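*Asks:* The structure under discussion is supplied below as structure tokens; questions concerning it will follow.
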Amino acid sequence: MSCMLLGVLRRHGSVGAGVGLRSLASVPSLPPSVADFVKGAVDECKPSNVHVVTGTAEETATILAGLEREGMVKRLPKYENCWLARTDPKDVARVESKTVIVTKNHRDTVPIPAGGAKSQLGSWMSESDWQRAREERFPGCMTGRTMYVIPFSMGPVGSTLSKYGVQVTDSPYVVASMGVMTRMGTPVLNKLAEGVEFVRCQHSLGRPLPLTAPLVNSWPCNPDKVLISHLPDTRQILSFGSGYGGNSLLGKKCFALRIASRIAKDEGWLAEHMLILGITNPAGVKRYVAAAFPSACGKTNLAMMKPSLPGWKVECVGDDIAWMKFDSHGKLRAINPENGFFGVAPGTSDKTNPYAMATIAKNTVFTNVGETSDGGVWWEGLDAPPAGVTLTDWHGKAWKPGTSTLCAHPNSRFCAPAGQCPIIDPLWESEEGVPIDAIIFGGRRPEGVPLVYESFNWQHGVFVGAAMRSEATAAAEHKGKVLMNDPFAMRPFFGYNFGDYLAHWLSMQRRGAATQLPRIFHVNWFRKDPSSGAFLWPGFGENARVLEWIFRRCGRQAEDEAARRSAIGWLPVDGAIDTKGLSGGVDMGALLDVPKTFWQQEARELRAYFSQQVGADLPAQVEAELRALEDRVHN
Ligand code: OXD
Ligand code: MN
């Protein structure tokens, strides 16, 4: 360890900011590469204390107690070890407009859009602009605060599919949340001591002490200066100004998607915005599927689904991110690199996701949800609290049902350990990952897109992923229900040029064994009746009926009595989706309809999108698939 850092740890080998002091002797020595990184961060950010996180339960309890004293979290006495945080209302979601990838050449990050349009596939920052932005933000940014050093693993420590990171941060809330979302602390430090590579993650709230302006809700952040930057070439993340979610828990979107997608390209695997679930039929046959949906399309609900079909069982491997690699037999295997769920609270209920409700009953940090007077939480979608129980909204103000404002912020979250999920899959921490039989793409498509269809083959499946569109979400700063292109549900998370990403997906075909390649599907739970505006499909546990068809299609010939060829892919034949027992009945004709004029328009809009946004970087195979779709929908 360098002398300088040793000096810092000697002087400050303790937890500051009101959290209990640790003796100097307990400060672990850091592996040299980690020490160099921490020393650089200390020199730049000038914290008053440095605390190397060990990850013990006592340490987490001390950190939470410190947060409570500072007014950043409050205990929720109705549950065991649950906490509520209210953020500054200016820090409530991922800030895509301030999220950048820094590479030497613009085109390494994004295809150059035609006609000077802005890229929707990521934001590039030049190295010189980034250097300037860094110098405007980080020097001295942790003055008066403690810098926590978090060694963490994405994936089970020791798995060949796992990757490691070290995050320095001045946010104890981030430490508590990273302890849930990742494997964190001494076991990872021991792994790092073996000399394994790690991603360097530097995070600051950007509010050095003493404060020059009062905090809002005791939540330090610096919204005017937010910058979430990624340097894929050097595997670095530098995040400034936000303490919330994907902006600050750097293992999640920043590492496990943006940086990991680039590592995956370099190493020949896939880092995707996908849930992973296991589904077992009444005969006991099990298959695993991975599914990509844009934010707020019900990934967590699907990942923990309680199937309505008798005898079927779903088990959850992960709800947000999948790292997938072909094994030596040519079978795609996936791990969930995370260790917890950072799920959207509103809409989660015993009706929509009973297993999530059970998961979050203890050891959970809630952020920006409503609070009940009996020490519990509340959000839109839950039953009204019992008589005599009153509510406080996410701003901390008294709130009554029927008020025009929302009690919980639409992007309010729970952060809960995955191991607490009652249907966590027995193999969820398996080192070699689970074998994937199907990949599902989907989105919120009110019109024209059928409940389910299957791609003709891998190349067509890649095109289906590239063509994904969905209504926008509260998880980021977008407003309203705009239909956005969101290829592979990765639009906000690509770590490199989308054209190269498509080429990488196409190349997977050569890595997998032809007979073992996952089948690729597209689903849409959100189609609406154009006259009434009501959803045509009940969703939630009833989605098992669609998974059943997908399950049956895996391992069969493309030409199968359960499917018919259409202009966009294989569709279920009449009666192939089991609708027995569906209350109220459903209009399968309307759900599976492929309206010609809609798809002609869709193909036109897709061509315009690809030519404006991807241009010369669009692989010839994807262009050929678009042409083939155009031919089919015009004939
Ligand atoms: C998330 C997101 O938070 O996709 O998972 O925005
Ligand atoms: Mn997500």
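If you're wondering about the labels, chains in the structure tokens are A, B, ... by order shown, residues count from 1 in each chain, ligands from 1 in order shown.
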May I have the residues within 7 Å of stretch 444-455 of chain A as a PyMOL selection string, using only C-alpha atoms and disregarding those fewer than 2 positions away in the same chain?
*Replies:* chain A and resi 297+457+460-461+470-471+520-528+569-571+591-595+598
*Asks:* Pick out the residues sitting within 7 Å of A:Val226, and hand them over as a PyMOL selection string; count only C-alpha atoms, and ignore anything fewer than 6 positions along from it in its own chain.
*Replies:* chain A and resi 98+240-242
*Asks:* Store the residues picked out above in a file with C-alpha atoms, as a compact mmCIF listing (two decimals), in the first residue's frame.
*Replies:*
# COMPACT_ATOMS: atom_id res chain seq x y z
CA LYS A 98 -26.29 13.57 -17.77
CA PHE A 240 -21.11 12.93 -9.33
CA GLY A 241 -24.01 14.80 -7.80
CA SER A 242 -26.72 12.14 -7.32
*Asks:* Write out as an NGL selection string each polymer residue whose atoms come within 12 Å of A:Glu70, counting only C-alpha atoms; drop sequence neighbours fewer than 2 positions from it.
*Replies:* :A and (17-19 or 63-68 or 72-74 or 85 or 171-173 or 215 or 217-220)
*Asks:* Write the residues you've just listed into a file as a short mmCIF file (atom, residue, chain, number, x, y, z; two decimals), in the first residue's frame, and include C-alpha atoms for each of them.
*Replies:*
data_model
loop_
_atom_site.label_atom_id
_atom_site.label_comp_id
_atom_site.auth_asym_id
_atom_site.auth_seq_id
_atom_site.Cartn_x
_atom_site.Cartn_y
_atom_site.Cartn_z
CA ALA A 17 -19.83 11.38 9.99
CA GLY A 18 -21.10 10.32 13.36
CA VAL A 19 -20.76 6.60 12.72
CA ILE A 63 -24.02 2.77 9.14
CA LEU A 64 -27.83 2.72 9.26
CA ALA A 65 -27.79 4.10 12.81
CA GLY A 66 -25.56 6.94 11.60
CA LEU A 67 -27.92 7.64 8.69
CA GLU A 68 -30.81 7.71 11.15
CA MET A 72 -31.42 10.53 6.04
CA VAL A 73 -33.38 7.40 6.92
CA LYS A 74 -35.97 6.51 9.53
CA ALA A 85 -35.38 7.40 2.95
CA SER A 171 -22.67 8.28 0.77
CA PRO A 172 -23.36 5.88 3.65
CA TYR A 173 -26.84 5.30 2.10
CA LEU A 215 -29.90 20.21 2.34
CA ASN A 217 -34.78 16.30 3.32
CA SER A 218 -31.28 15.87 4.77
CA TRP A 219 -30.40 14.29 1.39
CA PRO A 220 -27.05 15.52 0.07
#
*Asks:* Under the rule that only C-alpha atoms and all ligand atoms are counted, which of A:Ala603, A:Cys254, A:Leu382, A:Met508 is the nearest residue to ligand 2?
*Replies:*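 Among A:Ala603, A:Cys254, A:Leu382, A:Met508, it is A:Cys254 that comes nearest to ligand 2.
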*Asks:* Taking a cut-off of 10 Å and counting only C-alpha atoms and all ligand atoms, can you build a table that, for each residue of chain A near ligand 2, reports the nearest atom pair and how far apart they are in Å (one decimal), sorted by chain then residue number, as a tab-separated table?
*Replies:*
residue	atom	partner	partner_atom_place_in_ligand_line	distance
A:Gly246	CA	ligand 2	1 (Mn)	8.8
A:Lys252	CA	ligand 2	1 (Mn)	8.7
A:Lys253	CA	ligand 2	1 (Mn)	7.5
A:Leu257	CA	ligand 2	1 (Mn)	9.6
A:Glu272	CA	ligand 2	1 (Mn)	9.8
A:His273	CA	ligand 2	1 (Mn)	6.2
A:Met274	CA	ligand 2	1 (Mn)	7.8
A:Leu275	CA	ligand 2	1 (Mn)	8.9
A:Ala292	CA	ligand 2	1 (Mn)	9.1
A:Phe293	CA	ligand 2	1 (Mn)	8.1
A:Pro294	CA	ligand 2	1 (Mn)	6.9
A:Ser295	CA	ligand 2	1 (Mn)	5.0
A:Ala296	CA	ligand 2	1 (Mn)	7.8
A:Cys297	CA	ligand 2	1 (Mn)	9.5
A:Gly298	CA	ligand 2	1 (Mn)	10.0
A:Lys299	CA	ligand 2	1 (Mn)	7.9
A:Thr300	CA	ligand 2	1 (Mn)	9.1
A:Asp319	CA	ligand 2	1 (Mn)	8.0
A:Asp320	CA	ligand 2	1 (Mn)	5.0
A:Ile321	CA	ligand 2	1 (Mn)	7.2
A:Phe342	CA	ligand 2	1 (Mn)	8.6
A:Gly343	CA	ligand 2	1 (Mn)	8.5
A:Val344	CA	ligand 2	1 (Mn)	9.6
A:Ala475	CA	ligand 2	1 (Mn)	8.3
A:Ala489	CA	ligand 2	1 (Mn)	8.5
A:Met490	CA	ligand 2	1 (Mn)	9.0
A:Pro492	CA	ligand 2	1 (Mn)	9.7
A:Phe493	CA	ligand 2	1 (Mn)	9.3
*Asks:* Based on the selection just made, write C-alpha atoms of those residues as a PDB file, in the first residue's frame.
*Replies:*
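The new file part06.pdb reads:
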ATOM      1  CA  GLY A 246     -28.628   3.649 -10.832  1.00  0.00           C
ATOM      2  CA  LYS A 252     -25.991  -1.891 -11.239  1.00  0.00           C
ATOM      3  CA  LYS A 253     -26.578  -0.003 -14.491  1.00  0.00           C
ATOM      4  CA  LEU A 257     -24.704  -3.045 -18.082  1.00  0.00           C
ATOM      5  CA  GLU A 272     -28.067  -7.672 -20.855  1.00  0.00           C
ATOM      6  CA  HIS A 273     -30.990  -5.821 -19.256  1.00  0.00           C
ATOM      7  CA  MET A 274     -32.859  -9.073 -18.653  1.00  0.00           C
ATOM      8  CA  LEU A 275     -34.627 -10.953 -15.898  1.00  0.00           C
ATOM      9  CA  ALA A 292     -35.592  -8.054 -21.774  1.00  0.00           C
ATOM     10  CA  PHE A 293     -38.181  -5.361 -21.134  1.00  0.00           C
ATOM     11  CA  PRO A 294     -37.638  -1.636 -20.860  1.00  0.00           C
ATOM     12  CA  SER A 295     -37.829  -0.153 -17.350  1.00  0.00           C
ATOM     13  CA  ALA A 296     -41.281  -0.273 -15.716  1.00  0.00           C
ATOM     14  CA  CYS A 297     -42.768  -2.950 -17.993  1.00  0.00           C
ATOM     15  CA  GLY A 298     -43.147  -5.456 -15.158  1.00  0.00           C
ATOM     16  CA  LYS A 299     -39.791  -7.275 -15.208  1.00  0.00           C
ATOM     17  CA  THR A 300     -39.854  -7.837 -11.447  1.00  0.00           C
ATOM     18  CA  ASP A 319     -35.176  -9.418 -12.057  1.00  0.00           C
ATOM     19  CA  ASP A 320     -33.019  -6.919 -13.940  1.00  0.00           C
ATOM     20  CA  ILE A 321     -29.673  -8.017 -15.348  1.00  0.00           C
ATOM     21  CA  PHE A 342     -34.068  -2.529  -6.496  1.00  0.00           C
ATOM     22  CA  GLY A 343     -37.683  -2.639  -7.577  1.00  0.00           C
ATOM     23  CA  VAL A 344     -40.270   0.022  -8.383  1.00  0.00           C
ATOM     24  CA  ALA A 475     -37.459   5.250 -13.984  1.00  0.00           C
ATOM     25  CA  ALA A 489     -34.280  -2.641 -23.580  1.00  0.00           C
ATOM     26  CA  MET A 490     -30.687  -1.368 -23.574  1.00  0.00           C
ATOM     27  CA  PRO A 492     -30.021   3.856 -21.790  1.00  0.00           C
ATOM     28  CA  PHE A 493     -27.407   1.202 -21.033  1.00  0.00           C
TER      29      PHE A 493
END
*Asks:* I need the residue nearest ligand 1 from this list: A:Ala544, A:Ala356, A:Val285, A:Ala256. Use only C-alpha atoms and all ligand atoms for the distance.
*Replies:* A:Ala256
